[in-house]
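See below for work.csv, which holds CSV, C-alpha atoms.
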chain,number,residue,atom,x,y,z
A,1,MET,CA,46.8,-5.8,-32.1
A,2,LEU,CA,48.7,-6.3,-28.9
A,3,ARG,CA,51.4,-8.2,-30.8
A,4,PHE,CA,51.7,-5.4,-33.3
A,5,VAL,CA,52.1,-2.8,-30.7
A,6,SER,CA,54.6,-4.9,-28.8
A,7,ALA,CA,56.6,-5.5,-32.0
A,8,LEU,CA,56.8,-1.8,-32.6
A,9,VAL,CA,58.1,-1.2,-29.1
A,10,VAL,CA,60.8,-3.8,-29.5
A,11,LEU,CA,61.8,-2.4,-32.9
A,12,SER,CA,62.1,1.1,-31.5
A,13,ILE,CA,64.2,-0.1,-28.7
A,14,PHE,CA,66.4,-2.1,-31.0
A,15,GLN,CA,66.9,1.0,-33.2
A,16,VAL,CA,67.9,3.1,-30.3
A,17,SER,CA,70.3,0.3,-29.2
A,18,GLU,CA,71.9,0.3,-32.7
A,19,ALA,CA,72.4,4.1,-32.5
A,20,VAL,CA,74.0,3.8,-29.1
A,21,GLY,CA,76.5,1.2,-30.4
A,22,ALA,CA,77.4,2.9,-33.7
A,23,PRO,CA,80.7,4.8,-34.0
A,24,LEU,CA,80.4,8.6,-33.5
A,25,GLY,CA,83.9,9.7,-34.4
A,26,SER,CA,87.4,9.4,-33.2
A,27,ASN,CA,86.6,10.6,-29.7
A,28,SER,CA,83.5,8.3,-29.4
A,29,VAL,CA,83.3,5.5,-26.9
A,30,VAL,CA,82.6,2.2,-28.7
A,31,VAL,CA,80.1,0.0,-26.9
A,32,ASP,CA,80.5,-3.7,-27.3
A,33,ARG,CA,77.9,-5.3,-29.5
A,34,PRO,CA,77.1,-8.1,-27.1
A,35,GLN,CA,76.0,-5.5,-24.5
A,36,LYS,CA,73.5,-4.2,-27.0
A,37,PHE,CA,71.7,-7.5,-27.1
A,38,SER,CA,72.0,-8.3,-23.4
A,39,VAL,CA,69.0,-6.0,-22.7
A,40,LEU,CA,66.7,-7.6,-25.3
A,41,PRO,CA,65.4,-10.5,-23.1
A,42,SER,CA,64.5,-8.0,-20.3
A,43,ILE,CA,62.7,-5.8,-22.8
A,44,LEU,CA,60.8,-8.8,-24.3
A,45,GLU,CA,59.9,-9.9,-20.8
A,46,GLY,CA,58.5,-6.5,-20.0
A,47,VAL,CA,56.5,-6.4,-23.2
A,48,ALA,CA,55.0,-9.8,-22.3
A,49,THR,CA,54.0,-8.6,-18.9
A,50,VAL,CA,52.3,-5.5,-20.4
A,51,GLU,CA,50.5,-7.8,-22.8
A,52,ILE,CA,49.2,-10.0,-20.0
A,53,ARG,CA,48.0,-7.0,-18.0
A,54,ILE,CA,46.3,-5.4,-21.0
A,55,THR,CA,44.6,-8.8,-21.7
A,56,LYS,CA,43.4,-9.1,-18.1
A,57,THR,CA,42.2,-5.6,-18.1
A,58,SER,CA,40.2,-6.2,-21.3
A,59,GLU,CA,38.7,-9.3,-19.8
A,60,LEU,CA,37.8,-7.4,-16.7
A,61,PHE,CA,36.0,-4.7,-18.6
A,62,GLY,CA,34.3,-7.3,-20.8
A,63,GLY,CA,33.0,-9.0,-17.6
A,64,TYR,CA,31.6,-5.6,-16.4
A,65,LYS,CA,29.9,-5.1,-19.7
A,66,ASN,CA,28.3,-8.5,-19.5
A,67,ARG,CA,27.0,-7.8,-15.9
A,68,ILE,CA,25.6,-4.5,-17.0
A,69,ASP,CA,23.9,-6.1,-20.0
A,70,GLU,CA,22.4,-8.8,-17.6
A,71,THR,CA,21.1,-6.1,-15.3
A,72,VAL,CA,19.7,-3.8,-18.0
A,73,ARG,CA,17.9,-6.6,-19.8
A,74,PRO,CA,15.4,-7.5,-17.0
A,75,ILE,CA,14.7,-3.8,-16.3
A,76,ALA,CA,13.9,-3.2,-20.0
A,77,GLU,CA,11.6,-6.3,-20.0
A,78,ALA,CA,9.9,-5.1,-16.8
A,79,ASN,CA,9.3,-1.7,-18.3
A,80,GLN,CA,7.9,-3.2,-21.4
A,81,LEU,CA,5.5,-5.4,-19.4
A,82,LEU,CA,4.4,-2.4,-17.3
A,83,ALA,CA,3.7,-0.4,-20.5
A,84,GLU,CA,1.6,-3.2,-21.9
A,85,GLN,CA,-0.4,-3.5,-18.6
A,86,LEU,CA,-1.0,0.3,-18.6
A,87,ASN,CA,-2.2,0.2,-22.2
A,88,ASN,CA,-4.5,-2.7,-21.4
A,89,ALA,CA,-5.8,-0.9,-18.3
A,90,ALA,CA,-6.6,2.2,-20.4
A,91,GLY,CA,-8.4,0.0,-22.9
A,92,VAL,CA,-10.5,-1.7,-20.2
A,93,ARG,CA,-11.4,1.7,-18.7
A,94,HIS,CA,-12.4,3.0,-22.1
A,95,GLU,CA,-14.7,0.0,-22.7
A,96,HIS,CA,-16.2,0.4,-19.2
A,97,GLU,CA,-17.0,4.0,-19.9
A,98,LYS,CA,-18.6,3.1,-23.2
A,99,VAL,CA,-20.8,0.4,-21.4
A,100,LEU,CA,-21.9,2.9,-18.8
A,101,ALA,CA,-22.7,5.5,-21.4
A,102,GLY,CA,-25.0,3.0,-23.1
A,103,LEU,CA,-27.0,2.2,-20.0
A,104,ASP,CA,-30.3,3.8,-19.2
A,105,ALA,CA,-31.0,5.5,-15.8
A,106,ARG,CA,-32.7,2.4,-14.4
A,107,ASP,CA,-29.8,0.1,-15.2
A,108,ARG,CA,-27.2,2.6,-13.9
A,109,SER,CA,-29.1,3.0,-10.6
A,110,ARG,CA,-29.3,-0.8,-10.2
A,111,LEU,CA,-25.6,-1.2,-10.7
A,112,GLU,CA,-24.8,1.6,-8.3
A,113,ASP,CA,-27.1,-0.1,-5.7
A,114,GLU,CA,-25.3,-3.4,-6.2
A,115,GLU,CA,-21.9,-1.7,-5.8
A,116,GLU,CA,-23.1,0.0,-2.6
A,117,VAL,CA,-24.3,-3.4,-1.2
A,118,ARG,CA,-20.9,-4.9,-2.0
A,119,ARG,CA,-19.0,-2.0,-0.3
A,120,SER,CA,-21.3,-2.2,2.8
A,121,THR,CA,-20.8,-5.9,3.1
A,122,SER,CA,-17.0,-5.5,2.9
A,123,ASN,CA,-17.1,-2.9,5.6
A,124,MET,CA,-19.3,-5.0,7.8
A,125,ILE,CA,-17.0,-8.0,7.4
A,126,ARG,CA,-14.0,-5.8,8.2
A,127,LYS,CA,-15.6,-4.5,11.4
A,128,ILE,CA,-16.7,-8.0,12.5
A,129,ALA,CA,-13.1,-9.3,12.1
A,130,SER,CA,-11.7,-6.3,13.9
A,131,SER,CA,-10.1,-6.8,17.4
A,132,HIS,CA,-10.5,-3.1,18.2
A,133,TRP,CA,-14.3,-2.8,17.8
A,134,VAL,CA,-16.0,-2.3,21.2
A,135,CYS,CA,-19.5,-3.5,22.2
A,136,PRO,CA,-21.7,-0.4,22.7
A,137,VAL,CA,-23.2,-1.6,26.0
A,138,ASP,CA,-21.0,-2.3,29.0
A,139,GLY,CA,-22.9,-4.7,31.2
A,140,GLU,CA,-25.5,-7.5,31.2
A,141,MET,CA,-27.7,-7.3,28.1
A,142,GLN,CA,-30.0,-9.1,25.7
A,143,PHE,CA,-30.7,-8.6,22.0
A,144,ARG,CA,-32.2,-10.3,19.0
A,145,ASP,CA,-32.3,-9.7,15.3
A,146,SER,CA,-35.2,-7.2,14.9
A,147,TRP,CA,-34.0,-5.6,11.7
A,148,GLY,CA,-36.8,-4.6,9.3
A,149,GLU,CA,-39.7,-5.2,11.8
A,150,PRO,CA,-42.6,-2.7,11.5
A,151,ARG,CA,-42.7,0.3,13.8
A,152,SER,CA,-45.3,3.1,14.4
A,153,GLY,CA,-46.0,5.5,11.6
A,154,GLY,CA,-45.3,3.0,8.8
A,155,ARG,CA,-41.6,2.9,9.7
A,156,VAL,CA,-39.4,-0.2,9.8
A,157,HIS,CA,-36.7,-1.0,12.4
A,158,ASP,CA,-33.3,0.2,11.1
A,159,GLY,CA,-31.2,-1.2,13.9
A,160,VAL,CA,-31.0,-3.6,16.8
A,161,ASP,CA,-32.4,-3.1,20.3
A,162,ILE,CA,-29.9,-3.9,23.1
A,163,VAL,CA,-31.9,-4.4,26.3
A,164,ALA,CA,-30.0,-3.6,29.6
A,165,ARG,CA,-30.6,-2.0,33.0
A,166,SER,CA,-31.1,1.7,33.4
A,167,ARG,CA,-27.9,3.7,33.7
A,168,THR,CA,-25.8,0.9,32.1
A,169,PRO,CA,-22.9,2.7,30.3
A,170,VAL,CA,-23.0,3.1,26.6
A,171,LEU,CA,-19.6,3.0,24.9
A,172,ALA,CA,-18.2,4.4,21.6
A,173,PRO,CA,-17.6,1.3,19.4
A,174,GLU,CA,-14.9,3.2,17.5
A,175,ALA,CA,-12.9,6.4,17.8
A,176,GLY,CA,-14.4,9.5,16.2
A,177,ILE,CA,-16.6,12.5,16.9
A,178,VAL,CA,-19.7,12.3,19.0
A,179,LYS,CA,-22.6,14.7,18.7
A,180,PHE,CA,-25.8,14.7,20.9
A,181,ARG,CA,-29.4,15.5,19.9
A,182,TRP,CA,-32.9,15.1,21.1
A,183,ASP,CA,-36.3,14.4,19.4
A,184,LEU,CA,-39.7,13.1,20.4
A,185,ILE,CA,-39.2,9.6,18.9
A,186,GLY,CA,-35.7,8.8,20.1
A,187,GLY,CA,-35.4,11.1,23.1
A,188,ARG,CA,-31.8,11.6,23.9
A,189,SER,CA,-29.6,10.3,21.0
A,190,PHE,CA,-26.0,10.3,19.9
A,191,ASP,CA,-24.3,10.5,16.4
A,192,LEU,CA,-20.8,9.0,16.1
A,193,PHE,CA,-18.8,9.8,13.0
A,194,THR,CA,-15.7,7.6,12.7
A,195,TRP,CA,-12.4,8.4,11.1
A,196,ASP,CA,-12.9,5.9,8.3
A,197,GLY,CA,-16.2,7.5,7.2
A,198,ASP,CA,-18.7,5.2,9.0
A,199,TYR,CA,-21.6,6.4,11.1
A,200,TYR,CA,-23.3,5.0,14.2
A,201,PHE,CA,-26.6,6.1,15.8
A,202,GLY,CA,-27.9,5.3,19.3
A,203,THR,CA,-31.0,6.5,21.0
A,204,HIS,CA,-33.3,6.4,24.1
A,205,LEU,CA,-30.4,7.4,26.3
A,206,ARG,CA,-31.1,8.3,30.0
A,207,SER,CA,-28.3,10.8,30.0
A,208,TYR,CA,-25.3,11.8,27.9
A,209,GLY,CA,-21.6,11.0,28.5
A,210,THR,CA,-18.5,12.4,26.8
A,211,GLY,CA,-19.0,14.3,23.5
A,212,GLY,CA,-16.7,15.6,20.9
A,213,LEU,CA,-13.5,13.6,20.2
A,214,VAL,CA,-13.7,10.2,21.8
A,215,GLU,CA,-11.7,7.0,21.8
A,216,ALA,CA,-13.1,3.5,21.3
A,217,GLY,CA,-14.6,2.3,24.6
A,218,GLU,CA,-15.2,5.8,26.0
A,219,VAL,CA,-18.5,6.3,27.9
A,220,ILE,CA,-20.8,8.5,25.7
A,221,GLY,CA,-24.1,7.9,27.5
A,222,TYR,CA,-26.3,5.7,29.7
A,223,VAL,CA,-29.1,3.3,28.8
A,224,GLY,CA,-32.6,4.8,29.4
A,225,GLN,CA,-36.1,4.8,27.9
A,226,THR,CA,-36.5,8.4,26.6
A,227,GLY,CA,-38.6,9.2,23.6
A,228,ASN,CA,-41.1,6.5,22.5
A,229,ALA,CA,-39.1,3.6,24.0
A,230,ARG,CA,-40.9,0.8,25.8
A,231,GLY,CA,-38.5,-0.5,28.5
A,232,TYR,CA,-34.8,0.3,29.0
A,233,HIS,CA,-32.7,-0.4,25.9
A,234,LEU,CA,-30.3,1.1,23.4
A,235,HIS,CA,-31.5,1.4,19.8
A,236,PHE,CA,-28.3,1.0,17.9
A,237,GLU,CA,-27.6,1.5,14.1
A,238,TYR,CA,-24.6,1.1,11.8
A,239,HIS,CA,-24.2,3.0,8.5
A,240,PRO,CA,-21.1,1.9,6.6
A,241,GLY,CA,-19.8,4.7,4.4
A,242,GLY,CA,-21.8,7.4,6.1
A,243,LYS,CA,-25.2,8.5,7.4
A,244,GLY,CA,-28.2,7.3,5.3
A,245,ASN,CA,-26.8,3.8,4.4
A,246,SER,CA,-28.0,1.7,7.3
A,247,VAL,CA,-27.4,-2.0,7.4
A,248,ASN,CA,-28.4,-4.7,9.8
A,249,PRO,CA,-26.0,-4.4,12.8
A,250,TYR,CA,-27.1,-7.7,14.4
A,251,PHE,CA,-24.1,-9.7,13.2
A,252,LEU,CA,-21.7,-7.0,14.4
A,253,VAL,CA,-23.3,-6.8,17.8
A,254,ASP,CA,-23.6,-10.6,18.0
A,255,THR,CA,-19.9,-11.0,17.4
A,256,HIS,CA,-18.5,-8.4,19.8
A,257,CYS,CA,-21.1,-8.4,22.6
A,258,ARG,CA,-20.8,-12.0,23.9
How would this structure read if it were set down as structure tokens?
Amino acid sequence: MLRFVSALVVLSIFQVSEAVGAPLGSNSVVVDRPQKFSVLPSILEGVATVEIRITKTSELFGGYKNRIDETVRPIAEANQLLAEQLNNAAGVRHEHEKVLAGLDARDRSRLEDEEEVRRSTSNMIRKIASSHWVCPVDGEMQFRDSWGEPRSGGRVHDGVDIVARSRTPVLAPEAGIVKFRWDLIGGRSFDLFTWDGDYYFGTHLRSYGTGGLVEAGEVIGYVGQTGNARGYHLHFEYHPGGKGNSVNPYFLVDTHCR
């Protein structure tokens, strides 16, 4: 194609040159024929230069096209893979819903309990590994694993007792909101609701400290023996995920209170 265009250009120029050299009448100036052909090499050289530039331009655009194709192809493949994964996820969710719909109330309750245990264990492990968790008693102390031991009135022990001297500061293990209350069994108590949804309970306080918004390590009370306590100690509970889901806090205390 390039050669055909170049040939047409040369032919047109040659025809113009012929017309310039042809006699136009008695008063016309006659141009020597050798001068007509003297410009032909320059014209051919110019045509060759144009051909080279056009060829290089075509190669350049061809390279751009190849690069664009190479970029678009992986994106298209990634989109296809994502679409397949979404379709698979939708199918798995549908099957899961069908299985749940086919369970009776007892099986569904058992699965929910197992899920709650897994979630509570995960929260406990995360708090044990945390470098920001603060031991709730600031001073000399003693404690043991008394989780599940029988208590008066048919109750069981839902926490760990941290024995310390009277007036030993009690600290907020995490940042959150502290509320105080009193009853005959626990005496002076605190509720701590953390920002991640966990709940802590402490009781038998001698007196209260800072309430409301608190930071981890802030004094929220002092060890005492109010309520039905025997000896000075802090009864301490941990409820991952919210109040009513108590778990054994011994391992948490044992990690951070040494």
Practice problem: Measuring atom to atom with all atoms listed in the file, identify which of A:Ile162, A:Gly242, A:Val156, A:Ile54 is nearest to Asp191 (chain A). | Solution: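 Answer, going by the shortest atom-to-atom distance: A:Gly242.
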Practice problem: For Cys135 (chain A), please output as a PyMOL selection string all residues within 10 Å (counting all atoms listed in the file; exclusion window: fewer than 5 positions along the same chain). | Solution: chain A and resi 170-174+216-217+252-258
Practice problem: Considering only C-alpha atoms, state which residue in the set A:Ala129, A:Ala229, A:Val214, A:Val219 is at the smallest distance from Leu184 (chain A). | Solution: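 Under the stated criterion, the closest residue is A:Ala229.
Of note, CA of Thr226 (chain A) and CA of Phe193 (chain A) are spaced 22.4 Å apart.
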Practice problem: List the residues sitting within 9 Å of (-31.3, 0.4, 15.1) in the file's frame, using only C-alpha atoms, as number ranges by chain. | Solution: A: 146-147, 157-161, 201-203, 234-238, 246-249
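With all atoms listed in the file taken into account, the protein and nucleic acid residues at most 8 Å from Lys243 (chain A) (excluding it and anything under 6 positions from it in its own chain) are Asp198, Tyr199 and Tyr200 of chain A.
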Quiz item: Hey, can you check how far CA of Met124 (chain A) sits from CA of Trp195 (chain A)?
Solution: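 Rounded to one decimal, the two atoms are 15.4 Å apart.
Between CA of Pro169 (chain A) and CA of Tyr222 (chain A) the interatomic distance comes to 4.6 Å.
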What are the centre and the three edge lengths of an axis-aligned box that wraps all atoms of region 77-87 of chain A in the file, given that 8 Å is added to every side, written as AutoDock Vina command-line options and rounded to one decimal in Å?
--center_x 4.7 --center_y -3.0 --center_z -19.5 --size_x 29.8 --size_y 22.6 --size_z 21.4
Quiz prompt | Top pick for closest residue to Phe143 (chain A), considering A:Asn245, A:Phe180, A:Gly224, A:His233 and counting all atoms listed in the file | solution = A:His233
Quiz item: Using all atoms listed in the file, which residue out of A:Val99, A:Ile185, A:Ala83, A:Leu192 lies closest to Arg230 (chain A)?
Solution: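 Nearest candidate to Arg230 (chain A) out of A:Val99, A:Ile185, A:Ala83, A:Leu192: A:Ile185.
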Quiz item: Any idea what's packed within 9 Å of Gly221 (chain A), counting all atoms listed in the file, ignoring anything in its chain fewer than 5 positions away? Could you give it as a PyMOL selection string?
Solution: chain A and resi 167-171+189-190+205-210
Self-check item: For Asp145 (chain A), the nearest of the candidates A:Phe251, A:His204, A:Ile220, A:Ala89, counting all atoms listed in the file
Solution: A:Phe251
